[in-house]
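Peer 1: upload04.cif is reproduced below (mmCIF, N, CA and C atoms).
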```cif
data_data
#
loop_
_atom_site.label_atom_id
_atom_site.label_comp_id
_atom_site.auth_asym_id
_atom_site.auth_seq_id
_atom_site.Cartn_x
_atom_site.Cartn_y
_atom_site.Cartn_z
N MET A 1 11.51 45.02 6.45
CA MET A 1 12.24 43.86 6.90
C MET A 1 13.30 43.51 5.85
N ASP A 2 14.55 43.56 6.24
CA ASP A 2 15.64 43.32 5.32
C ASP A 2 16.24 41.92 5.44
N THR A 3 15.47 40.96 5.91
CA THR A 3 15.99 39.61 6.06
C THR A 3 15.59 38.77 4.86
N LEU A 4 15.98 37.52 4.91
CA LEU A 4 15.63 36.61 3.83
C LEU A 4 14.13 36.41 3.76
N SER A 5 13.62 36.20 2.57
CA SER A 5 12.20 35.88 2.45
C SER A 5 12.06 34.36 2.52
N TYR A 6 11.01 33.92 3.14
CA TYR A 6 10.78 32.49 3.31
C TYR A 6 9.66 32.06 2.39
N LYS A 7 9.89 31.00 1.67
CA LYS A 7 8.89 30.51 0.75
C LYS A 7 8.55 29.07 1.11
N THR A 8 7.31 28.72 0.94
CA THR A 8 6.90 27.34 1.12
C THR A 8 7.14 26.60 -0.19
N ILE A 9 7.91 25.55 -0.13
CA ILE A 9 8.22 24.76 -1.32
C ILE A 9 7.15 23.70 -1.48
N SER A 10 6.53 23.65 -2.64
CA SER A 10 5.51 22.66 -2.91
C SER A 10 6.04 21.68 -3.95
N THR A 11 6.04 20.41 -3.62
CA THR A 11 6.54 19.38 -4.52
C THR A 11 5.51 19.09 -5.60
N ASN A 12 5.97 18.89 -6.83
CA ASN A 12 5.07 18.44 -7.89
C ASN A 12 5.64 17.16 -8.49
N ALA A 13 5.00 16.65 -9.52
CA ALA A 13 5.41 15.36 -10.08
C ALA A 13 6.82 15.41 -10.66
N ALA A 14 7.24 16.57 -11.14
CA ALA A 14 8.57 16.67 -11.74
C ALA A 14 9.68 16.73 -10.69
N THR A 15 9.40 17.32 -9.53
CA THR A 15 10.43 17.49 -8.52
C THR A 15 10.39 16.43 -7.42
N ALA A 16 9.43 15.52 -7.47
CA ALA A 16 9.32 14.49 -6.43
C ALA A 16 10.48 13.50 -6.55
N GLN A 17 11.05 13.14 -5.41
CA GLN A 17 12.14 12.17 -5.38
C GLN A 17 11.58 10.83 -4.93
N LYS A 18 11.25 10.01 -5.91
CA LYS A 18 10.64 8.71 -5.63
C LYS A 18 11.72 7.64 -5.52
N GLU A 19 11.55 6.75 -4.55
CA GLU A 19 12.48 5.65 -4.35
C GLU A 19 11.73 4.33 -4.53
N TRP A 20 12.48 3.25 -4.66
CA TRP A 20 11.92 1.91 -4.71
C TRP A 20 12.23 1.22 -3.39
N VAL A 21 11.21 0.62 -2.79
CA VAL A 21 11.33 0.02 -1.46
C VAL A 21 10.78 -1.40 -1.52
N VAL A 22 11.48 -2.34 -0.88
CA VAL A 22 11.02 -3.73 -0.77
C VAL A 22 10.62 -4.00 0.67
N ILE A 23 9.46 -4.64 0.84
CA ILE A 23 8.97 -5.00 2.17
C ILE A 23 8.68 -6.50 2.17
N ASP A 24 9.22 -7.19 3.17
CA ASP A 24 8.96 -8.62 3.33
C ASP A 24 7.78 -8.77 4.29
N ALA A 25 6.67 -9.33 3.80
CA ALA A 25 5.44 -9.42 4.57
C ALA A 25 5.36 -10.67 5.42
N THR A 26 6.42 -11.41 5.58
CA THR A 26 6.40 -12.65 6.34
C THR A 26 6.05 -12.36 7.80
N ASP A 27 5.00 -13.00 8.31
CA ASP A 27 4.53 -12.91 9.70
C ASP A 27 4.21 -11.48 10.14
N MET A 28 3.80 -10.62 9.22
CA MET A 28 3.37 -9.28 9.59
C MET A 28 1.85 -9.26 9.69
N VAL A 29 1.32 -8.44 10.61
CA VAL A 29 -0.12 -8.30 10.75
C VAL A 29 -0.60 -7.42 9.60
N LEU A 30 -1.63 -7.88 8.90
CA LEU A 30 -2.04 -7.27 7.64
C LEU A 30 -2.43 -5.80 7.78
N GLY A 31 -3.27 -5.46 8.73
CA GLY A 31 -3.74 -4.09 8.86
C GLY A 31 -2.65 -3.11 9.23
N ARG A 32 -1.78 -3.51 10.13
CA ARG A 32 -0.67 -2.64 10.54
C ARG A 32 0.30 -2.44 9.38
N MET A 33 0.56 -3.51 8.64
CA MET A 33 1.44 -3.38 7.49
C MET A 33 0.82 -2.49 6.42
N ALA A 34 -0.47 -2.68 6.15
CA ALA A 34 -1.14 -1.93 5.09
C ALA A 34 -1.20 -0.44 5.39
N SER A 35 -1.38 -0.06 6.66
CA SER A 35 -1.45 1.37 6.98
C SER A 35 -0.09 2.03 6.78
N LYS A 36 0.99 1.32 7.10
CA LYS A 36 2.33 1.88 6.90
C LYS A 36 2.68 1.94 5.41
N VAL A 37 2.24 0.93 4.65
CA VAL A 37 2.47 0.94 3.21
C VAL A 37 1.70 2.09 2.56
N ALA A 38 0.49 2.36 3.04
CA ALA A 38 -0.29 3.47 2.49
C ALA A 38 0.41 4.80 2.75
N LYS A 39 1.03 4.95 3.92
CA LYS A 39 1.79 6.17 4.20
C LYS A 39 3.01 6.29 3.31
N LEU A 40 3.67 5.15 3.03
CA LEU A 40 4.82 5.18 2.13
C LEU A 40 4.40 5.55 0.71
N LEU A 41 3.25 5.03 0.27
CA LEU A 41 2.77 5.34 -1.08
C LEU A 41 2.42 6.81 -1.22
N ARG A 42 1.88 7.42 -0.18
CA ARG A 42 1.53 8.84 -0.22
C ARG A 42 2.75 9.73 -0.04
N GLY A 43 3.79 9.24 0.63
CA GLY A 43 4.98 10.05 0.86
C GLY A 43 4.90 10.84 2.15
N LYS A 44 4.09 10.40 3.10
CA LYS A 44 3.88 11.16 4.33
C LYS A 44 5.10 11.12 5.25
N TYR A 45 6.04 10.21 5.02
CA TYR A 45 7.24 10.15 5.84
C TYR A 45 8.32 11.11 5.33
N LYS A 46 8.08 11.74 4.20
CA LYS A 46 9.08 12.63 3.62
C LYS A 46 8.84 14.07 4.07
N PRO A 47 9.91 14.84 4.25
CA PRO A 47 9.72 16.24 4.64
C PRO A 47 9.12 17.09 3.52
N SER A 48 9.18 16.61 2.29
CA SER A 48 8.63 17.37 1.17
C SER A 48 7.23 16.89 0.79
N PHE A 49 6.47 16.36 1.75
CA PHE A 49 5.13 15.83 1.48
C PHE A 49 4.20 16.92 0.99
N THR A 50 3.50 16.64 -0.09
CA THR A 50 2.48 17.54 -0.62
C THR A 50 1.21 16.72 -0.79
N PRO A 51 0.09 17.13 -0.17
CA PRO A 51 -1.10 16.28 -0.16
C PRO A 51 -1.72 16.02 -1.52
N HIS A 52 -1.59 16.94 -2.47
CA HIS A 52 -2.26 16.81 -3.75
C HIS A 52 -1.37 16.23 -4.84
N CYS A 53 -0.20 15.71 -4.47
CA CYS A 53 0.78 15.26 -5.46
C CYS A 53 1.22 13.84 -5.14
N ASP A 54 1.55 13.10 -6.19
CA ASP A 54 2.10 11.76 -6.02
C ASP A 54 3.59 11.89 -5.76
N CYS A 55 3.97 12.02 -4.49
CA CYS A 55 5.39 12.18 -4.14
C CYS A 55 5.87 11.02 -3.28
N GLY A 56 5.11 9.93 -3.24
CA GLY A 56 5.48 8.77 -2.43
C GLY A 56 6.42 7.83 -3.16
N ASP A 57 6.76 6.75 -2.48
CA ASP A 57 7.70 5.78 -3.02
C ASP A 57 6.96 4.68 -3.79
N ASN A 58 7.71 3.95 -4.60
CA ASN A 58 7.22 2.73 -5.23
C ASN A 58 7.50 1.59 -4.27
N VAL A 59 6.47 0.85 -3.88
CA VAL A 59 6.60 -0.18 -2.85
C VAL A 59 6.40 -1.55 -3.47
N ILE A 60 7.32 -2.47 -3.14
CA ILE A 60 7.24 -3.86 -3.58
C ILE A 60 7.04 -4.71 -2.33
N ILE A 61 5.98 -5.48 -2.29
CA ILE A 61 5.72 -6.38 -1.16
C ILE A 61 5.95 -7.81 -1.64
N ILE A 62 6.83 -8.51 -0.94
CA ILE A 62 7.09 -9.91 -1.28
C ILE A 62 6.58 -10.81 -0.16
N ASN A 63 6.43 -12.09 -0.44
CA ASN A 63 5.89 -13.08 0.50
C ASN A 63 4.51 -12.69 1.00
N ALA A 64 3.64 -12.30 0.09
CA ALA A 64 2.30 -11.84 0.45
C ALA A 64 1.44 -12.96 1.04
N GLU A 65 1.72 -14.20 0.69
CA GLU A 65 0.88 -15.29 1.20
C GLU A 65 1.19 -15.62 2.65
N LYS A 66 2.25 -15.04 3.22
CA LYS A 66 2.64 -15.35 4.60
C LYS A 66 2.19 -14.29 5.60
N VAL A 67 1.26 -13.44 5.20
CA VAL A 67 0.77 -12.38 6.08
C VAL A 67 -0.18 -12.98 7.13
N LYS A 68 -0.31 -12.31 8.28
CA LYS A 68 -1.14 -12.83 9.37
C LYS A 68 -2.33 -11.91 9.61
N LEU A 69 -3.38 -12.48 10.17
CA LEU A 69 -4.50 -11.72 10.72
C LEU A 69 -4.68 -12.19 12.16
N THR A 70 -4.97 -11.27 13.07
CA THR A 70 -5.12 -11.65 14.47
C THR A 70 -6.55 -12.11 14.74
N GLY A 71 -6.70 -12.87 15.79
CA GLY A 71 -8.03 -13.33 16.19
C GLY A 71 -8.63 -14.29 15.18
N ASN A 72 -9.96 -14.22 15.03
CA ASN A 72 -10.68 -15.10 14.11
C ASN A 72 -11.04 -14.38 12.82
N LYS A 73 -10.26 -13.37 12.44
CA LYS A 73 -10.63 -12.56 11.28
C LYS A 73 -10.57 -13.32 9.97
N TRP A 74 -9.82 -14.42 9.90
CA TRP A 74 -9.76 -15.19 8.66
C TRP A 74 -11.15 -15.70 8.27
N THR A 75 -11.97 -16.03 9.27
CA THR A 75 -13.28 -16.60 8.95
C THR A 75 -14.44 -15.70 9.35
N ASP A 76 -14.26 -14.84 10.35
CA ASP A 76 -15.38 -14.03 10.85
C ASP A 76 -15.62 -12.76 10.05
N ARG A 77 -14.58 -12.17 9.48
CA ARG A 77 -14.75 -10.95 8.69
C ARG A 77 -15.36 -11.32 7.34
N ILE A 78 -16.31 -10.52 6.88
CA ILE A 78 -16.99 -10.81 5.62
C ILE A 78 -16.97 -9.56 4.75
N TYR A 79 -16.56 -9.72 3.50
CA TYR A 79 -16.60 -8.65 2.50
C TYR A 79 -17.79 -8.91 1.59
N TYR A 80 -18.64 -7.90 1.42
CA TYR A 80 -19.82 -8.01 0.57
C TYR A 80 -19.59 -7.28 -0.73
N SER A 81 -20.12 -7.85 -1.81
CA SER A 81 -20.13 -7.17 -3.10
C SER A 81 -21.47 -7.47 -3.77
N TYR A 82 -21.84 -6.62 -4.71
CA TYR A 82 -23.13 -6.77 -5.36
C TYR A 82 -22.92 -6.64 -6.86
N THR A 83 -23.43 -7.62 -7.61
CA THR A 83 -23.22 -7.65 -9.05
C THR A 83 -24.13 -6.68 -9.79
N GLY A 84 -25.23 -6.27 -9.18
CA GLY A 84 -26.19 -5.40 -9.85
C GLY A 84 -27.41 -6.16 -10.33
N TYR A 85 -27.38 -7.47 -10.25
CA TYR A 85 -28.51 -8.29 -10.66
C TYR A 85 -29.28 -8.76 -9.43
N PRO A 86 -30.56 -9.10 -9.59
CA PRO A 86 -31.32 -9.64 -8.45
C PRO A 86 -30.67 -10.93 -7.94
N GLY A 87 -30.51 -11.01 -6.64
CA GLY A 87 -29.85 -12.17 -6.05
C GLY A 87 -28.35 -12.17 -6.27
N GLY A 88 -27.78 -11.04 -6.60
CA GLY A 88 -26.37 -10.99 -6.95
C GLY A 88 -25.45 -10.54 -5.84
N GLN A 89 -25.94 -10.62 -4.58
CA GLN A 89 -25.07 -10.25 -3.47
C GLN A 89 -24.11 -11.40 -3.18
N ARG A 90 -22.82 -11.08 -3.15
CA ARG A 90 -21.80 -12.08 -2.91
C ARG A 90 -21.07 -11.74 -1.62
N GLU A 91 -20.59 -12.75 -0.95
CA GLU A 91 -19.80 -12.51 0.25
C GLU A 91 -18.55 -13.39 0.20
N ALA A 92 -17.48 -12.84 0.77
CA ALA A 92 -16.21 -13.56 0.77
C ALA A 92 -15.49 -13.28 2.08
N THR A 93 -14.73 -14.26 2.54
CA THR A 93 -13.93 -14.10 3.75
C THR A 93 -12.47 -13.86 3.33
N PRO A 94 -11.66 -13.31 4.22
CA PRO A 94 -10.24 -13.14 3.89
C PRO A 94 -9.55 -14.46 3.52
N ALA A 95 -9.96 -15.56 4.13
CA ALA A 95 -9.34 -16.84 3.81
C ALA A 95 -9.61 -17.23 2.36
N SER A 96 -10.84 -17.01 1.89
CA SER A 96 -11.16 -17.36 0.51
C SER A 96 -10.48 -16.41 -0.48
N LEU A 97 -10.38 -15.12 -0.12
CA LEU A 97 -9.72 -14.16 -1.01
C LEU A 97 -8.22 -14.43 -1.09
N MET A 98 -7.60 -14.81 0.05
CA MET A 98 -6.17 -15.12 0.04
C MET A 98 -5.89 -16.42 -0.73
N GLN A 99 -6.83 -17.34 -0.68
CA GLN A 99 -6.65 -18.59 -1.41
C GLN A 99 -6.72 -18.34 -2.92
N LYS A 100 -7.61 -17.43 -3.33
CA LYS A 100 -7.74 -17.09 -4.75
C LYS A 100 -6.52 -16.33 -5.26
N SER A 101 -6.25 -15.19 -4.62
CA SER A 101 -5.15 -14.34 -5.08
C SER A 101 -4.68 -13.45 -3.93
N PRO A 102 -3.56 -13.81 -3.28
CA PRO A 102 -3.07 -12.98 -2.18
C PRO A 102 -2.65 -11.58 -2.65
N GLU A 103 -2.21 -11.47 -3.90
CA GLU A 103 -1.80 -10.16 -4.42
C GLU A 103 -2.98 -9.20 -4.47
N ARG A 104 -4.10 -9.68 -5.01
CA ARG A 104 -5.28 -8.80 -5.13
C ARG A 104 -5.84 -8.44 -3.78
N TYR A 105 -5.81 -9.37 -2.83
CA TYR A 105 -6.37 -9.08 -1.51
C TYR A 105 -5.55 -8.02 -0.78
N ILE A 106 -4.24 -8.11 -0.84
CA ILE A 106 -3.41 -7.12 -0.15
C ILE A 106 -3.55 -5.76 -0.82
N LYS A 107 -3.66 -5.72 -2.15
CA LYS A 107 -3.91 -4.45 -2.84
C LYS A 107 -5.26 -3.86 -2.42
N LYS A 108 -6.25 -4.70 -2.22
CA LYS A 108 -7.57 -4.24 -1.79
C LYS A 108 -7.50 -3.61 -0.40
N VAL A 109 -6.76 -4.22 0.50
CA VAL A 109 -6.63 -3.71 1.86
C VAL A 109 -5.89 -2.38 1.87
N VAL A 110 -4.80 -2.28 1.11
CA VAL A 110 -4.02 -1.04 1.07
C VAL A 110 -4.82 0.07 0.41
N LYS A 111 -5.56 -0.25 -0.64
CA LYS A 111 -6.36 0.77 -1.32
C LYS A 111 -7.44 1.32 -0.40
N GLY A 112 -7.96 0.50 0.50
CA GLY A 112 -8.95 0.97 1.45
C GLY A 112 -8.39 1.97 2.45
N MET A 113 -7.07 2.02 2.60
CA MET A 113 -6.43 2.95 3.53
C MET A 113 -5.89 4.20 2.84
N LEU A 114 -6.10 4.30 1.54
CA LEU A 114 -5.72 5.51 0.80
C LEU A 114 -6.92 6.45 0.73
N PRO A 115 -6.70 7.73 0.44
CA PRO A 115 -7.84 8.64 0.33
C PRO A 115 -8.75 8.24 -0.83
N LYS A 116 -10.01 8.57 -0.70
CA LYS A 116 -11.00 8.18 -1.71
C LYS A 116 -11.11 9.29 -2.76
N ASN A 117 -10.13 9.37 -3.66
CA ASN A 117 -10.14 10.38 -4.72
C ASN A 117 -9.33 9.87 -5.91
N HIS A 118 -9.15 10.72 -6.92
CA HIS A 118 -8.43 10.30 -8.12
C HIS A 118 -6.96 10.04 -7.85
N LEU A 119 -6.41 10.69 -6.85
CA LEU A 119 -5.00 10.49 -6.53
C LEU A 119 -4.75 9.06 -6.05
N ALA A 120 -5.71 8.47 -5.37
CA ALA A 120 -5.54 7.10 -4.87
C ALA A 120 -5.40 6.11 -6.03
N ASP A 121 -6.09 6.38 -7.15
CA ASP A 121 -5.96 5.50 -8.31
C ASP A 121 -4.55 5.53 -8.87
N LYS A 122 -3.90 6.69 -8.80
CA LYS A 122 -2.52 6.80 -9.27
C LYS A 122 -1.55 6.18 -8.26
N LEU A 123 -1.85 6.35 -6.97
CA LEU A 123 -0.96 5.85 -5.93
C LEU A 123 -0.94 4.33 -5.89
N ILE A 124 -2.09 3.70 -6.09
CA ILE A 124 -2.15 2.24 -5.99
C ILE A 124 -1.38 1.59 -7.13
N ASP A 125 -1.14 2.33 -8.22
CA ASP A 125 -0.32 1.79 -9.31
C ASP A 125 1.15 1.72 -8.93
N ASN A 126 1.55 2.39 -7.85
CA ASN A 126 2.93 2.34 -7.37
C ASN A 126 3.17 1.18 -6.41
N LEU A 127 2.16 0.33 -6.20
CA LEU A 127 2.28 -0.82 -5.31
C LEU A 127 2.38 -2.10 -6.14
N TYR A 128 3.39 -2.90 -5.85
CA TYR A 128 3.61 -4.16 -6.55
C TYR A 128 3.65 -5.26 -5.49
N VAL A 129 2.74 -6.24 -5.62
CA VAL A 129 2.62 -7.29 -4.61
C VAL A 129 2.91 -8.63 -5.29
N TYR A 130 3.73 -9.45 -4.63
CA TYR A 130 4.09 -10.76 -5.15
C TYR A 130 3.94 -11.79 -4.05
N ALA A 131 3.37 -12.95 -4.40
CA ALA A 131 3.12 -14.00 -3.41
C ALA A 131 4.41 -14.66 -2.95
N GLY A 132 5.37 -14.80 -3.82
CA GLY A 132 6.63 -15.45 -3.47
C GLY A 132 7.69 -14.44 -3.06
N SER A 133 8.93 -14.94 -2.97
CA SER A 133 10.02 -14.08 -2.52
C SER A 133 10.78 -13.45 -3.69
N GLU A 134 10.39 -13.74 -4.92
CA GLU A 134 11.05 -13.18 -6.10
C GLU A 134 10.21 -12.05 -6.68
N HIS A 135 10.91 -11.04 -7.23
CA HIS A 135 10.21 -9.96 -7.92
C HIS A 135 11.06 -9.50 -9.11
N PRO A 136 10.43 -8.98 -10.17
CA PRO A 136 11.16 -8.61 -11.38
C PRO A 136 11.68 -7.17 -11.40
N HIS A 137 11.85 -6.54 -10.24
CA HIS A 137 12.23 -5.13 -10.20
C HIS A 137 13.66 -4.93 -9.70
N GLU A 138 14.54 -5.87 -9.97
CA GLU A 138 15.93 -5.74 -9.51
C GLU A 138 16.66 -4.61 -10.22
N ALA A 139 16.23 -4.26 -11.43
CA ALA A 139 16.90 -3.20 -12.18
C ALA A 139 16.73 -1.83 -11.52
N GLN A 140 15.67 -1.66 -10.74
CA GLN A 140 15.43 -0.39 -10.05
C GLN A 140 16.26 -0.26 -8.77
N GLN A 141 16.97 -1.30 -8.39
CA GLN A 141 17.81 -1.34 -7.19
C GLN A 141 17.02 -0.89 -5.95
N PRO A 142 15.96 -1.63 -5.59
CA PRO A 142 15.17 -1.23 -4.42
C PRO A 142 15.92 -1.50 -3.13
N LYS A 143 15.63 -0.69 -2.13
CA LYS A 143 16.25 -0.92 -0.82
C LYS A 143 15.24 -1.60 0.08
N THR A 144 15.72 -2.51 0.90
CA THR A 144 14.87 -3.26 1.81
C THR A 144 14.72 -2.48 3.11
N ILE A 145 13.47 -2.30 3.55
CA ILE A 145 13.25 -1.62 4.82
C ILE A 145 12.43 -2.52 5.74
N ASP A 146 12.56 -2.26 7.04
CA ASP A 146 11.80 -2.99 8.05
C ASP A 146 10.68 -2.07 8.52
N LEU A 147 9.44 -2.49 8.29
CA LEU A 147 8.30 -1.65 8.68
C LEU A 147 8.15 -1.53 10.19
N ASN A 148 8.74 -2.46 10.94
CA ASN A 148 8.63 -2.37 12.40
C ASN A 148 9.39 -1.18 12.97
N LEU A 149 10.37 -0.66 12.20
CA LEU A 149 11.13 0.49 12.65
C LEU A 149 10.46 1.82 12.32
N ILE A 150 9.44 1.78 11.44
CA ILE A 150 8.70 2.98 11.05
C ILE A 150 7.50 3.15 11.96
N LYS A 151 7.26 4.37 12.40
CA LYS A 151 6.10 4.61 13.28
C LYS A 151 4.91 5.05 12.50
#
```
Is it possible to give me this structure as structure tokens?

Peer 2:
Amino acid sequence: MDTLSYKTISTNAATAQKEWVVIDATDMVLGRMASKVAKLLRGKYKPSFTPHCDCGDNVIIINAEKVKLTGNKWTDRIYYSYTGYPGGQREATPASLMQKSPERYIKKVVKGMLPKNHLADKLIDNLYVYAGSEHPHEAQQPKTIDLNLIK
């Protein structure tokens, strides 16, 4: 065969083209937003996606306190944790977690939608969540995208 040879190009950390993206979470449904953010963090929307590499974008979420949950999930959903001590089982609702720290709660939801491996620990560091509309990443010149246009 005298034609061109075809090679599969595999992206690594040095050749990945990472971008900075801003998402406004005002009146967005939390689960739908988090699944799309997880795909952005992994880089699954890029043609050069490599499953074992951090080739996703850096995502900034602003207005985290204005996110919505449908139905009665604010009070009916319960997250359990265990301290390791007798009688140390704790439970929390999304309303109590959002009241404490909306940034930590949204990071918790997005991390639950990432793969359960060492790569997820690196990917979640590329997520920056802020309760208000201001963020300190203007020097990176992030572009604003609308998650409703992404499938």

Peer 1: Output the residue selection produced by the PyMOL selection byres (((chain A and resi 75 and name CA) around 7) and name CA) on the file above, formatted as a list in words.

Peer 2: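 Checked against the file, the PyMOL selection byres (((chain A and resi 75 and name CA) around 7) and name CA) matches Asn72, Lys73, Trp74, Asp76, Arg77, Thr93, Pro94 and Ala95 of chain A.
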
Peer 1: Nearest to Thr26 in chain A among A:Asn63, A:Gln99, A:Thr50, A:Gln140, with distances taken over only C-alpha atoms: which residue is it?

Peer 2: A:Asn63

Peer 1: At what distance in Å, to one decimal, does atom C of Trp20 in chain A lie from atom C of Ile145 in chain A?

Peer 2: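 For atom C of Ile145 in chain A relative to atom C of Trp20 in chain A, the distance reads 9.9 Å.
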
Peer 1: Taking the file above as input, evaluate the PyMOL selection byres ((chain A and resi 22) around 5) and report the hits as JSON, numbers by chain.

Peer 2: {"A": [20, 21, 23, 24, 60, 143, 144, 145]}

Peer 1: The selected residues should be written to file as a compact mmCIF listing (two decimals), in the coordinates of the input (atoms: N, CA and C atoms).

Peer 2:
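Written file, result_4.txt:
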```txt
# COMPACT_ATOMS: atom_id res chain seq x y z
N TRP A 20 12.48 3.25 -4.66
CA TRP A 20 11.92 1.91 -4.71
C TRP A 20 12.23 1.22 -3.39
N VAL A 21 11.21 0.62 -2.79
CA VAL A 21 11.33 0.02 -1.46
C VAL A 21 10.78 -1.40 -1.52
N ILE A 23 9.46 -4.64 0.84
CA ILE A 23 8.97 -5.00 2.17
C ILE A 23 8.68 -6.50 2.17
N ASP A 24 9.22 -7.19 3.17
CA ASP A 24 8.96 -8.62 3.33
C ASP A 24 7.78 -8.77 4.29
N ILE A 60 7.32 -2.47 -3.14
CA ILE A 60 7.24 -3.86 -3.58
C ILE A 60 7.04 -4.71 -2.33
N LYS A 143 15.63 -0.69 -2.13
CA LYS A 143 16.25 -0.92 -0.82
C LYS A 143 15.24 -1.60 0.08
N THR A 144 15.72 -2.51 0.90
CA THR A 144 14.87 -3.26 1.81
C THR A 144 14.72 -2.48 3.11
N ILE A 145 13.47 -2.30 3.55
CA ILE A 145 13.25 -1.62 4.82
C ILE A 145 12.43 -2.52 5.74
```

Peer 1: For this file, the PyMOL selection byres ((chain A and resi 3-15) around 8) selects which residues, as a list in words?

Peer 2: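 Selected by the PyMOL selection byres ((chain A and resi 3-15) around 8) here: Met1, Asp2, Ala16, Gln17, Lys18, Ser48, Phe49, Thr50, Pro51, His52, Cys53, Asp54 and Cys55 of chain A.
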
Peer 1: One decimal, Å: what's the distance from atom N of Tyr130 in chain A over to atom C of Arg42 in chain A, could you say?

Peer 2: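 For atom N of Tyr130 in chain A relative to atom C of Arg42 in chain A, the distance reads 19.7 Å.
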
Peer 1: To one decimal place in Å, what is the distance between atom N of Val129 in chain A and CA of Glu65 in chain A?

Peer 2: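 The value is 11.5 Å.
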
Peer 1: Run DSSP on the backbone and tell me which residues of chain A come out as strand (DSSP E); list them as a ChimeraX atom specification.

Peer 2: /A:20-24,58-62,79-82,89-92,127-129,143-144

Peer 1: I want to know what sits within 9 Å of range 30-36 of chain A, based on only C-alpha atoms, with residues of the same chain fewer than 6 positions away left out; could you give that as a list of chain:residue names?

Peer 2: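 Within the cut-off, the hits are A:Val67, A:Lys68, A:Leu69, A:Thr70, A:Ile106, A:Lys107, A:Val109, A:Val110, A:Lys111, A:Met113, A:Leu114, A:Leu147, A:Asn148, A:Ile150, A:Lys151.
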
Peer 1: Take the residues from that selection and put them in a file with N, CA and C atoms, as a compact mmCIF listing (two decimals), keeping the file's coordinate frame.

Peer 2:
```
# COMPACT_ATOMS: atom_id res chain seq x y z
N VAL A 67 1.26 -13.44 5.20
CA VAL A 67 0.77 -12.38 6.08
C VAL A 67 -0.18 -12.98 7.13
N LYS A 68 -0.31 -12.31 8.28
CA LYS A 68 -1.14 -12.83 9.37
C LYS A 68 -2.33 -11.91 9.61
N LEU A 69 -3.38 -12.48 10.17
CA LEU A 69 -4.50 -11.72 10.72
C LEU A 69 -4.68 -12.19 12.16
N THR A 70 -4.97 -11.27 13.07
CA THR A 70 -5.12 -11.65 14.47
C THR A 70 -6.55 -12.11 14.74
N ILE A 106 -4.24 -8.11 -0.84
CA ILE A 106 -3.41 -7.12 -0.15
C ILE A 106 -3.55 -5.76 -0.82
N LYS A 107 -3.66 -5.72 -2.15
CA LYS A 107 -3.91 -4.45 -2.84
C LYS A 107 -5.26 -3.86 -2.42
N VAL A 109 -6.76 -4.22 0.50
CA VAL A 109 -6.63 -3.71 1.86
C VAL A 109 -5.89 -2.38 1.87
N VAL A 110 -4.80 -2.28 1.11
CA VAL A 110 -4.02 -1.04 1.07
C VAL A 110 -4.82 0.07 0.41
N LYS A 111 -5.56 -0.25 -0.64
CA LYS A 111 -6.36 0.77 -1.32
C LYS A 111 -7.44 1.32 -0.40
N MET A 113 -7.07 2.02 2.60
CA MET A 113 -6.43 2.95 3.53
C MET A 113 -5.89 4.20 2.84
N LEU A 114 -6.10 4.30 1.54
CA LEU A 114 -5.72 5.51 0.80
C LEU A 114 -6.92 6.45 0.73
N LEU A 147 9.44 -2.49 8.29
CA LEU A 147 8.30 -1.65 8.68
C LEU A 147 8.15 -1.53 10.19
N ASN A 148 8.74 -2.46 10.94
CA ASN A 148 8.63 -2.37 12.40
C ASN A 148 9.39 -1.18 12.97
N ILE A 150 9.44 1.78 11.44
CA ILE A 150 8.70 2.98 11.05
C ILE A 150 7.50 3.15 11.96
N LYS A 151 7.26 4.37 12.40
CA LYS A 151 6.10 4.61 13.28
C LYS A 151 4.91 5.05 12.50
```

Peer 1: Just list the residues in chain A DSSP gives helix (DSSP H, G or I) on the backbone, as a VMD selection string.

Peer 2: chain A and resid 30 to 42 64 to 66 73 to 76 94 to 100 102 to 111 118 to 126 138 to 140 147 to 149

Peer 1: With all atoms listed in the file as the basis for distance, which of A:Gln89, A:Lys46, A:Ala64, A:Val59 is at the shortest distance from Ser133 in chain A?

Peer 2: A:Ala64

Peer 1: Restricting the calculation to only C-alpha atoms: of A:Ser81, A:Lys108, A:Ala131, A:Lys39, which residue gets closest to Lys66 in chain A?

Peer 2: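 Among the listed residues, A:Ala131 lies closest to Lys66 in chain A.
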